[in-house]
$ cat run-v2.cif   # mmCIF, C-alpha atoms and all ligand atoms
data_structure
#
loop_
_atom_site.label_atom_id
_atom_site.label_comp_id
_atom_site.auth_asym_id
_atom_site.auth_seq_id
_atom_site.Cartn_x
_atom_site.Cartn_y
_atom_site.Cartn_z
CA MET A 268 0.00 0.00 0.00
CA THR A 269 1.40 3.43 -0.89
CA LEU A 270 1.72 6.19 1.69
CA LEU A 271 -1.28 8.04 0.24
CA GLU A 272 -3.39 4.88 0.30
CA GLN A 273 -2.45 4.43 3.96
CA ILE A 274 -3.45 8.04 4.71
CA ARG A 275 -6.83 7.56 2.98
CA GLN A 276 -7.38 4.37 4.97
CA LYS A 277 -6.60 6.12 8.27
CA ALA A 278 -9.04 8.89 7.29
CA GLN A 279 -11.77 6.31 6.61
CA GLU A 280 -11.22 4.86 10.08
CA LYS A 281 -11.56 8.31 11.68
CA PHE A 282 -14.36 9.58 9.38
CA LYS A 283 -14.16 13.27 10.33
CA THR A 284 -16.25 16.25 9.19
CA ILE A 285 -14.23 18.58 6.97
CA VAL A 286 -15.53 21.96 5.81
CA LEU A 287 -14.71 23.08 2.26
CA PRO A 288 -15.31 26.84 1.91
CA GLU A 289 -14.84 26.88 -1.89
CA GLY A 290 -18.25 25.33 -2.53
CA THR A 291 -18.60 26.26 -6.20
CA GLU A 292 -15.10 25.21 -7.24
CA GLU A 293 -15.00 22.40 -9.81
CA ARG A 294 -12.15 20.23 -8.39
CA THR A 295 -13.59 20.58 -4.89
CA LEU A 296 -17.00 19.39 -6.05
CA LYS A 297 -15.53 16.43 -7.93
CA ALA A 298 -13.42 15.54 -4.88
CA VAL A 299 -16.51 15.68 -2.67
CA GLU A 300 -18.17 12.99 -4.79
CA THR A 301 -15.22 10.62 -4.10
CA LEU A 302 -14.95 11.61 -0.42
CA VAL A 303 -18.56 10.57 0.09
CA LYS A 304 -18.45 7.47 -2.11
CA GLU A 305 -15.28 6.15 -0.46
CA LYS A 306 -16.30 7.35 3.03
CA ILE A 307 -12.99 9.21 3.46
CA ALA A 308 -14.67 12.11 5.28
CA ASN A 309 -17.99 13.83 5.78
CA PRO A 310 -17.61 17.02 3.69
CA ILE A 311 -19.58 20.24 4.24
CA LEU A 312 -19.63 22.74 1.39
CA ILE A 313 -19.99 26.47 1.96
CA GLY A 314 -21.90 28.52 -0.58
CA GLU A 315 -25.33 29.51 -1.81
CA GLU A 316 -27.18 26.20 -2.23
CA GLY A 317 -28.59 26.91 -5.70
CA ALA A 318 -25.19 28.03 -7.02
CA VAL A 319 -23.36 25.03 -5.51
CA LYS A 320 -25.86 22.54 -6.93
CA ALA A 321 -25.89 24.22 -10.36
CA LYS A 322 -22.10 24.11 -10.56
CA ALA A 323 -22.04 20.48 -9.42
CA GLN A 324 -24.49 19.56 -12.15
CA GLN A 325 -22.52 21.52 -14.74
CA VAL A 326 -19.26 19.70 -13.92
CA GLY A 327 -20.96 16.32 -13.49
CA ALA A 328 -20.27 15.91 -9.77
CA ASP A 329 -22.77 13.90 -7.75
CA ILE A 330 -23.02 15.75 -4.42
CA GLY A 331 -26.44 14.40 -3.41
CA GLY A 332 -26.84 14.29 0.36
CA VAL A 333 -23.87 16.58 1.06
CA GLU A 334 -24.55 19.40 3.53
CA ILE A 335 -24.33 22.87 1.99
CA ILE A 336 -24.24 25.93 4.24
CA ASN A 337 -24.85 29.48 3.07
CA PRO A 338 -23.32 31.76 5.75
CA ALA A 339 -26.00 34.44 5.29
CA GLN A 340 -28.77 31.95 6.05
CA ALA A 341 -27.04 29.78 8.65
CA PRO A 342 -28.92 29.67 11.97
CA PHE A 343 -25.63 30.21 13.80
CA TYR A 344 -24.44 33.15 11.64
CA ALA A 345 -25.43 35.73 14.30
CA ASP A 346 -23.65 33.73 17.03
CA PHE A 347 -20.53 33.52 14.87
CA VAL A 348 -20.61 37.30 14.30
CA GLU A 349 -20.95 37.93 18.04
CA MET A 350 -18.13 35.50 18.94
CA PHE A 351 -15.82 36.86 16.29
CA TYR A 352 -16.49 40.45 17.36
CA GLU A 353 -15.78 39.57 21.03
CA MET A 354 -12.61 37.72 20.01
CA ARG A 355 -11.24 40.63 18.02
CA LYS A 356 -12.72 43.83 19.43
CA ALA A 357 -9.45 44.64 21.22
CA LYS A 358 -7.84 44.60 17.75
CA GLY A 359 -10.30 47.20 16.43
CA MET A 360 -13.03 44.87 15.13
CA THR A 361 -16.48 46.46 14.87
CA PRO A 362 -19.84 44.62 14.79
CA GLU A 363 -20.41 45.84 11.20
CA LYS A 364 -17.00 44.58 10.03
CA ALA A 365 -17.58 41.25 11.80
CA GLN A 366 -20.95 40.85 10.00
CA GLN A 367 -19.26 41.46 6.69
CA LEU A 368 -16.27 39.18 7.33
CA LEU A 369 -18.43 36.27 8.48
CA LEU A 370 -20.12 36.25 5.05
CA ASP A 371 -16.70 35.34 3.63
CA PRO A 372 -16.63 31.52 3.34
CA LEU A 373 -13.00 31.40 4.58
CA TYR A 374 -13.84 33.28 7.81
CA PHE A 375 -17.07 31.32 8.20
CA GLY A 376 -15.24 28.01 7.65
CA SER A 377 -12.62 28.85 10.29
CA MET A 378 -15.43 29.66 12.75
CA MET A 379 -17.01 26.27 12.03
CA VAL A 380 -13.75 24.58 12.98
CA LYS A 381 -13.26 26.82 16.02
CA THR A 382 -16.74 25.98 17.35
CA GLY A 383 -16.47 22.25 16.62
CA LYS A 384 -19.10 22.23 13.85
CA ALA A 385 -16.34 20.78 11.67
CA ASP A 386 -13.18 18.88 12.62
CA GLY A 387 -11.00 20.53 10.00
CA GLU A 388 -10.94 22.81 6.96
CA VAL A 389 -9.43 22.61 3.47
CA ALA A 390 -9.31 25.54 1.02
CA GLY A 391 -6.94 27.19 -1.42
CA ALA A 392 -7.99 25.84 -4.84
CA ILE A 393 -8.97 29.41 -5.78
CA ASN A 394 -7.59 31.45 -2.87
CA THR A 395 -3.97 32.34 -2.07
CA THR A 396 -2.11 30.78 0.88
CA GLY A 397 -2.25 34.10 2.71
CA ASP A 398 -6.03 34.42 2.26
CA VAL A 399 -6.59 30.88 3.57
CA LEU A 400 -4.19 31.29 6.48
CA ARG A 401 -5.16 34.74 7.78
CA PRO A 402 -8.69 33.86 9.03
CA ALA A 403 -7.41 30.53 10.37
CA LEU A 404 -4.61 32.25 12.29
CA GLN A 405 -6.98 34.90 13.64
CA ILE A 406 -9.76 32.50 14.66
CA ILE A 407 -8.38 28.99 15.25
CA LYS A 408 -4.95 30.19 16.36
CA THR A 409 -1.89 28.17 17.29
CA ALA A 410 -1.92 25.06 19.48
CA PRO A 411 -0.93 25.43 23.15
CA GLY A 412 2.84 25.81 23.46
CA MET A 413 3.22 26.81 19.79
CA SER A 414 3.88 30.40 18.76
CA ALA A 415 4.00 29.96 14.99
CA VAL A 416 2.55 27.85 12.24
CA SER A 417 4.70 26.01 9.71
CA GLY A 418 3.96 24.19 6.47
CA ALA A 419 5.53 20.77 5.98
CA PHE A 420 5.86 18.75 2.80
CA ILE A 421 6.11 14.99 2.71
CA MET A 422 8.72 14.33 0.02
CA ILE A 423 8.67 10.94 -1.68
CA VAL A 424 11.86 10.65 -3.70
CA PRO A 425 11.94 7.75 -6.17
CA ASN A 426 14.88 5.31 -6.15
CA CYS A 427 16.39 6.91 -3.09
CA GLU A 428 17.71 5.27 0.05
CA LEU A 429 18.19 8.54 1.97
CA GLY A 430 15.76 9.59 4.70
CA ASP A 431 13.27 6.83 5.42
CA ASN A 432 13.83 4.95 2.16
CA GLY A 433 13.22 8.09 0.14
CA ILE A 434 10.46 9.48 2.37
CA MET A 435 11.27 12.71 4.19
CA VAL A 436 9.49 15.63 5.83
CA PHE A 437 10.64 19.15 4.91
CA ALA A 438 9.60 22.29 6.87
CA ASP A 439 8.86 25.18 6.90
CA CYS A 440 8.17 25.46 3.18
CA ALA A 441 5.00 27.54 3.27
CA VAL A 442 4.19 29.87 6.14
CA THR A 443 6.62 31.80 8.37
CA PRO A 444 9.03 33.92 6.34
CA ASN A 445 11.68 34.60 8.98
CA PRO A 446 11.25 32.40 12.07
CA THR A 447 12.95 33.03 15.39
CA ALA A 448 15.16 30.34 16.95
CA GLU A 449 12.24 29.42 19.28
CA GLN A 450 9.93 29.05 16.28
CA LEU A 451 12.46 26.91 14.39
CA ALA A 452 12.60 24.64 17.44
CA GLU A 453 8.80 24.35 17.38
CA PHE A 454 8.90 23.47 13.66
CA ALA A 455 11.35 20.65 14.48
CA PHE A 456 9.02 19.17 17.10
CA ALA A 457 5.90 19.56 14.94
CA SER A 458 7.61 18.08 11.87
CA ALA A 459 8.74 14.99 13.80
CA GLU A 460 5.11 14.55 14.86
CA THR A 461 3.98 14.85 11.22
CA ALA A 462 6.57 12.23 10.22
CA ARG A 463 5.21 9.87 12.86
CA SER A 464 1.48 10.43 12.45
CA LEU A 465 1.19 10.89 8.69
CA CYS A 466 4.20 9.16 7.14
CA GLY A 467 4.39 6.24 9.54
CA ILE A 468 8.08 7.02 10.17
CA LYS A 469 8.60 5.22 13.47
CA GLU A 470 11.84 6.96 14.37
CA PRO A 471 11.92 10.52 13.07
CA VAL A 472 15.42 12.02 13.15
CA VAL A 473 15.48 15.80 12.76
CA GLY A 474 18.28 17.72 11.05
CA MET A 475 18.45 21.50 11.56
CA LEU A 476 19.82 22.79 8.26
CA SER A 477 22.28 25.57 7.61
CA PHE A 478 25.23 26.31 5.34
CA SER A 479 27.49 25.19 8.18
CA THR A 480 28.06 21.83 9.90
CA LYS A 481 28.95 21.90 13.59
CA GLY A 482 30.77 25.19 13.50
CA SER A 483 32.42 24.90 10.07
CA ALA A 484 31.28 28.48 9.42
CA SER A 485 30.44 31.28 11.80
CA HIS A 486 27.70 33.78 11.06
CA GLU A 487 24.67 35.15 12.87
CA LEU A 488 22.41 33.05 10.57
CA VAL A 489 24.26 29.92 11.72
CA ASP A 490 23.99 31.05 15.35
CA LYS A 491 20.21 31.11 15.01
CA VAL A 492 20.13 27.46 13.89
CA ILE A 493 22.52 26.45 16.70
CA LYS A 494 20.27 28.22 19.22
CA ALA A 495 17.14 26.59 17.73
CA THR A 496 18.75 23.16 18.08
CA GLU A 497 19.62 23.83 21.73
CA ILE A 498 16.08 25.03 22.46
CA ALA A 499 14.53 21.97 20.85
CA LYS A 500 16.84 19.63 22.76
CA SER A 501 16.00 21.24 26.08
CA ARG A 502 12.21 21.55 25.43
CA TRP A 503 11.84 18.03 24.03
CA PRO A 504 14.71 15.91 25.43
CA GLU A 505 13.34 12.72 23.81
CA LEU A 506 13.35 14.26 20.32
CA PRO A 507 16.17 12.80 18.17
CA ILE A 508 17.55 16.03 16.70
CA ASP A 509 20.88 17.60 15.92
CA GLY A 510 22.48 20.40 13.94
CA GLU A 511 23.53 22.67 12.59
CA PHE A 512 24.03 20.50 9.50
CA GLN A 513 24.60 21.13 5.84
CA ALA A 514 22.06 19.08 3.86
CA ASP A 515 24.61 16.42 2.87
CA ALA A 516 25.79 15.98 6.46
CA ALA A 517 22.17 15.53 7.53
CA LEU A 518 21.32 12.95 4.88
CA VAL A 519 24.40 11.00 3.80
CA ALA A 520 25.95 8.63 6.37
CA LYS A 521 29.56 8.97 5.13
CA VAL A 522 29.40 12.76 4.96
CA GLY A 523 27.67 12.93 8.33
CA GLN A 524 30.39 10.80 9.94
CA SER A 525 33.19 12.89 8.50
CA LYS A 526 31.66 16.36 9.06
CA ALA A 527 29.88 15.66 12.36
CA PRO A 528 31.65 12.75 14.06
CA GLY A 529 29.91 11.76 17.27
CA SER A 530 26.49 13.05 16.22
CA ALA A 531 23.84 10.35 16.49
CA ALA A 532 21.63 12.17 13.96
CA ALA A 533 24.18 13.10 11.27
CA GLY A 534 23.65 11.14 8.06
CA LYS A 535 20.39 9.64 9.31
CA CYS A 536 17.94 12.53 9.15
CA ASN A 537 14.46 11.97 7.69
CA VAL A 538 13.02 15.32 8.86
CA LEU A 539 14.74 18.44 7.55
CA VAL A 540 14.06 21.84 9.12
CA PHE A 541 15.14 24.72 6.89
CA PRO A 542 16.48 27.95 8.43
CA ASP A 543 13.85 30.17 6.79
CA LEU A 544 10.97 30.16 4.34
CA GLN A 545 13.06 31.11 1.32
CA ALA A 546 15.35 28.10 1.85
CA GLY A 547 12.44 25.75 2.60
CA ASN A 548 10.27 26.78 -0.30
CA ILE A 549 13.15 26.73 -2.79
CA GLY A 550 14.46 23.46 -1.36
CA TYR A 551 11.27 21.46 -1.69
CA LYS A 552 10.58 22.74 -5.20
CA LEU A 553 14.11 21.84 -6.35
CA VAL A 554 13.80 18.29 -5.01
CA GLN A 555 10.32 17.98 -6.50
CA ARG A 556 11.45 19.06 -9.98
CA LEU A 557 15.02 17.76 -10.19
CA ALA A 558 14.55 14.42 -8.42
CA LYS A 559 11.00 13.99 -9.79
CA ALA A 560 9.84 13.61 -6.21
CA GLU A 561 6.24 13.63 -5.10
CA ALA A 562 5.66 16.59 -2.76
CA ILE A 563 2.59 16.23 -0.58
CA GLY A 564 1.51 19.33 1.31
CA PRO A 565 1.75 21.88 2.65
CA ILE A 566 0.54 20.27 5.85
CA LEU A 567 -0.03 23.08 8.31
CA GLN A 568 1.57 22.35 11.67
CA GLY A 569 1.12 24.10 14.99
CA MET A 570 -2.55 25.12 14.52
CA ALA A 571 -4.94 24.39 17.39
CA LYS A 572 -7.13 22.47 14.91
CA PRO A 573 -6.25 21.24 11.41
CA VAL A 574 -6.59 23.57 8.45
CA ASN A 575 -4.86 22.84 5.18
CA ASP A 576 -4.10 24.90 2.14
CA LEU A 577 -4.33 23.62 -1.44
CA SER A 578 -2.20 24.79 -4.30
CA ARG A 579 -4.21 26.69 -6.92
CA GLY A 580 -2.83 24.23 -9.45
CA CYS A 581 -4.20 21.26 -7.48
CA SER A 582 -5.92 18.27 -9.05
CA VAL A 583 -9.07 16.51 -7.85
CA GLU A 584 -6.84 13.78 -6.36
CA ASP A 585 -4.84 16.45 -4.48
CA VAL A 586 -8.04 17.79 -2.90
CA ILE A 587 -9.03 14.27 -1.82
CA ASN A 588 -5.56 13.62 -0.37
CA VAL A 589 -5.39 16.91 1.51
CA VAL A 590 -8.87 16.31 2.97
CA ALA A 591 -7.71 12.83 4.03
CA MET A 592 -4.58 14.26 5.70
CA THR A 593 -6.66 16.89 7.46
CA ALA A 594 -9.02 14.21 8.73
CA VAL A 595 -6.12 12.07 9.99
CA ARG A 596 -4.78 15.03 12.00
CA ALA A 597 -8.20 15.98 13.39
N1 LIG A 601 2.19 31.71 12.87
C1 LIG A 601 1.17 31.92 13.74
N2 LIG A 601 0.41 33.03 13.74
C2 LIG A 601 0.71 33.98 12.84
C3 LIG A 601 1.75 33.84 11.91
C4 LIG A 601 2.52 32.64 11.95
N3 LIG A 601 3.51 32.41 11.10
N4 LIG A 601 1.80 34.94 11.14
C5 LIG A 601 0.82 35.75 11.56
N5 LIG A 601 0.15 35.17 12.59
C6 LIG A 601 -1.01 35.69 13.30
C7 LIG A 601 -0.76 37.07 13.85
O1 LIG A 601 -0.26 37.01 15.15
C8 LIG A 601 -2.14 37.67 13.78
O2 LIG A 601 -2.91 37.26 14.88
P1 LIG A 601 -3.78 38.37 15.64
O3 LIG A 601 -4.39 39.24 14.57
O4 LIG A 601 -4.78 37.56 16.40
O5 LIG A 601 -2.82 39.11 16.47
C9 LIG A 601 -2.79 36.99 12.59
O6 LIG A 601 -2.04 35.82 12.34
C10 LIG A 601 -2.79 37.84 11.34
O7 LIG A 601 -1.49 38.35 11.24
P2 LIG A 601 -1.07 39.37 10.13
O8 LIG A 601 0.29 39.87 10.47
O9 LIG A 601 -2.15 40.35 9.89
O10 LIG A 601 -1.05 38.40 8.90
P3 LIG A 601 -0.13 38.52 7.67
O11 LIG A 601 -0.80 39.41 6.70
O12 LIG A 601 1.28 38.77 8.03
O13 LIG A 601 -0.23 37.03 7.15
C11 LIG A 601 0.74 34.97 6.70
C12 LIG A 601 0.34 35.96 7.80
C13 LIG A 601 -0.46 34.78 5.80
C14 LIG A 601 1.12 33.65 7.32
C15 LIG A 601 1.95 35.61 5.94
O14 LIG A 601 3.07 35.59 6.76
C16 LIG A 601 2.25 34.95 4.65
O15 LIG A 601 1.67 35.30 3.63
N6 LIG A 601 3.23 33.99 4.65
C17 LIG A 601 3.77 33.40 3.45
C18 LIG A 601 2.77 32.51 2.74
C19 LIG A 601 3.27 32.18 1.38
O16 LIG A 601 3.16 32.98 0.47
N7 LIG A 601 3.88 30.96 1.23
C20 LIG A 601 4.50 30.54 0.05
C21 LIG A 601 3.55 29.93 -0.92
S1 LIG A 601 2.94 28.39 -0.36
C22 LIG A 601 3.76 27.23 -1.32
O17 LIG A 601 4.48 27.49 -2.21
C23 LIG A 601 3.51 25.86 -0.92
#

$ encode --input "run-v2.cif" --output "structure tokens"
Amino acid sequence: MTLLEQIRQKAQEKFKTIVLPEGTEERTLKAVETLVKEKIANPILIGEEGAVKAKAQQVGADIGGVEIINPAQAPFYADFVEMFYEMRKAKGMTPEKAQQLLLDPLYFGSMMVKTGKADGEVAGAINTTGDVLRPALQIIKTAPGMSAVSGAFIMIVPNCELGDNGIMVFADCAVTPNPTAEQLAEFAFASAETARSLCGIKEPVVGMLSFSTKGSASHELVDKVIKATEIAKSRWPELPIDGEFQADAALVAKVGQSKAPGSAAAGKCNVLVFPDLQAGNIGYKLVQRLAKAEAIGPILQGMAKPVNDLSRGCSVEDVINVVAMTAVRA
């Protein structure tokens, strides 16, 4: 069974309710048909019922029996407006602005997750990452003990023995442009958890990446990675983690032994934490294109409840897979 098949199977076992705010989007509607047929999740679509059904018919998606919620007519719309206003009035929110924002399916969807009316949310087929993330960050917020959200990719590299037989987790590739050392440490912990819970990697080994290995270069950027490694080791003493490593020292046993002798993690890493978003985003795209790797994600880590972002170039299968991953994490 492939990793994605395993994830779909785990989702079927959990059978969670996932809200999809982009209710009139073609790939979303087609994915919903499969989600229901294969009992991967219980999807809820947001949108005006007539428009959602008309679009489904036009694209040939059978969404019979699926719950559709129009924010403007939802019985709990007024409660959502009140809650949202209370939550954000100290930040300058007004009742009028709250009324207007809660008509936006992305804000409404995040409130559904916040209030437990859905277990998770998936959007981004027609909205940018920032537009999906902002309401989620404002409403659902980070998990206890986490100060920042990160986006991980599961990389499946063909014909590769590095990582966990070619499977690796890369982070942060999607969210926090310039993390602090504390935030990098959080990304390490959260990524190891993603490796365990989604990839079935029994022993995640985290490498904190830099352009230096164990002091081979000195620079304030390297110092940040060294500090992040120390923080992670002291906050989570059981976490197998080390750094700072260059990518080859993290992944390749021989290089790890020669550049970082004595490190239990060097050369064995299957979770790579990049020093900032530019490195992470460039890194995963290079591996995806040059090594013809499958890149599954971004999987948002550190949120209090699971929300995941789709790429605007996503396929129907991608939507199904991201819903399944969201359900597994719910
Ligand atoms: N982690 C946790 N919370 C955050 C983060 C973060 N990284 N960033 C912002 N927040 C919180 C803020 O504290 C704030 O909460 P508050 O209003 O309750 O105080 C709320 O989110 C909104 O913050 P803003 O500063 O108004 O949001 P901003 O406009 O900066 O957007 C965002 C945040 C969307 C995460 C932004 O940093 C961003 O766009 N990041 C890059 C996304 C991106 O383009 N990724 C690459 C493409 S994805 C890909 O290729 C796979």

$ residues_near_ligand --input "run-v2.cif" --ligand "ligand LIG 601 (chain A)" --cutoff "9 Å" --atoms "only C-alpha atoms and all ligand atoms" --output "MDAnalysis selection string"
chainID A and resid 354:355 358 395:406 408:409 413:420 440:446 450 544:545 548:549 551:552 564:565 569:570 576:578

$ closest_atom_pairs --input "run-v2.cif" --of "range 481-592 of chain A" --to "range 272-280 of chain A" --cutoff "8 Å" --atoms "all atoms listed in the file" --output "Markdown table"
| residue | atom | partner | partner_atom | distance |
| --- | --- | --- | --- | --- |
| A:Asn588 | CA | A:Arg275 | CA | 7.0 |
| A:Ala591 | CA | A:Ala278 | CA | 5.3 |
| A:Met592 | CA | A:Ile274 | CA | 6.4 |

$ atom_distance --input "run-v2.cif" --atom1 "CA of Leu369 in chain A" --atom2 "CA of Val589 in chain A"
24.4 Å

$ atom_distance --input "run-v2.cif" --atom1 "CA of Ile587 in chain A" --atom2 "CA of Phe343 in chain A"
27.8 Å

$ residues_around --input "run-v2.cif" --residues "Ala597 in chain A" --least-positions-apart "6" --cutoff "10 Å" --atoms "all atoms listed in the file" --output "list in words"
Ala278, Lys281, Phe282, Lys283, Thr284, Ile285, Ala385, Asp386, Gly387, Glu388, Ala571, Lys572, Pro573, Val574 and Ala591 of chain A

$ closest_residue --input "run-v2.cif" --among "A:Ala517, A:Ala448, A:Ala438, A:Leu465" --to "Val489 in chain A" --atoms "all atoms listed in the file"
A:Ala448

$ residues_around --input "run-v2.cif" --residues "range 469-482 of chain A" --least-positions-apart "6" --cutoff "8 Å" --atoms "only C-alpha atoms" --output "PyMOL selection string"
chain A and resi 455+459+462-463+489+492+496+506-514+516-517+526-527+532-533+535-542

$ atom_distance --input "run-v2.cif" --atom1 "CA of Thr461 in chain A" --atom2 "CA of Arg596 in chain A"
8.8 Å
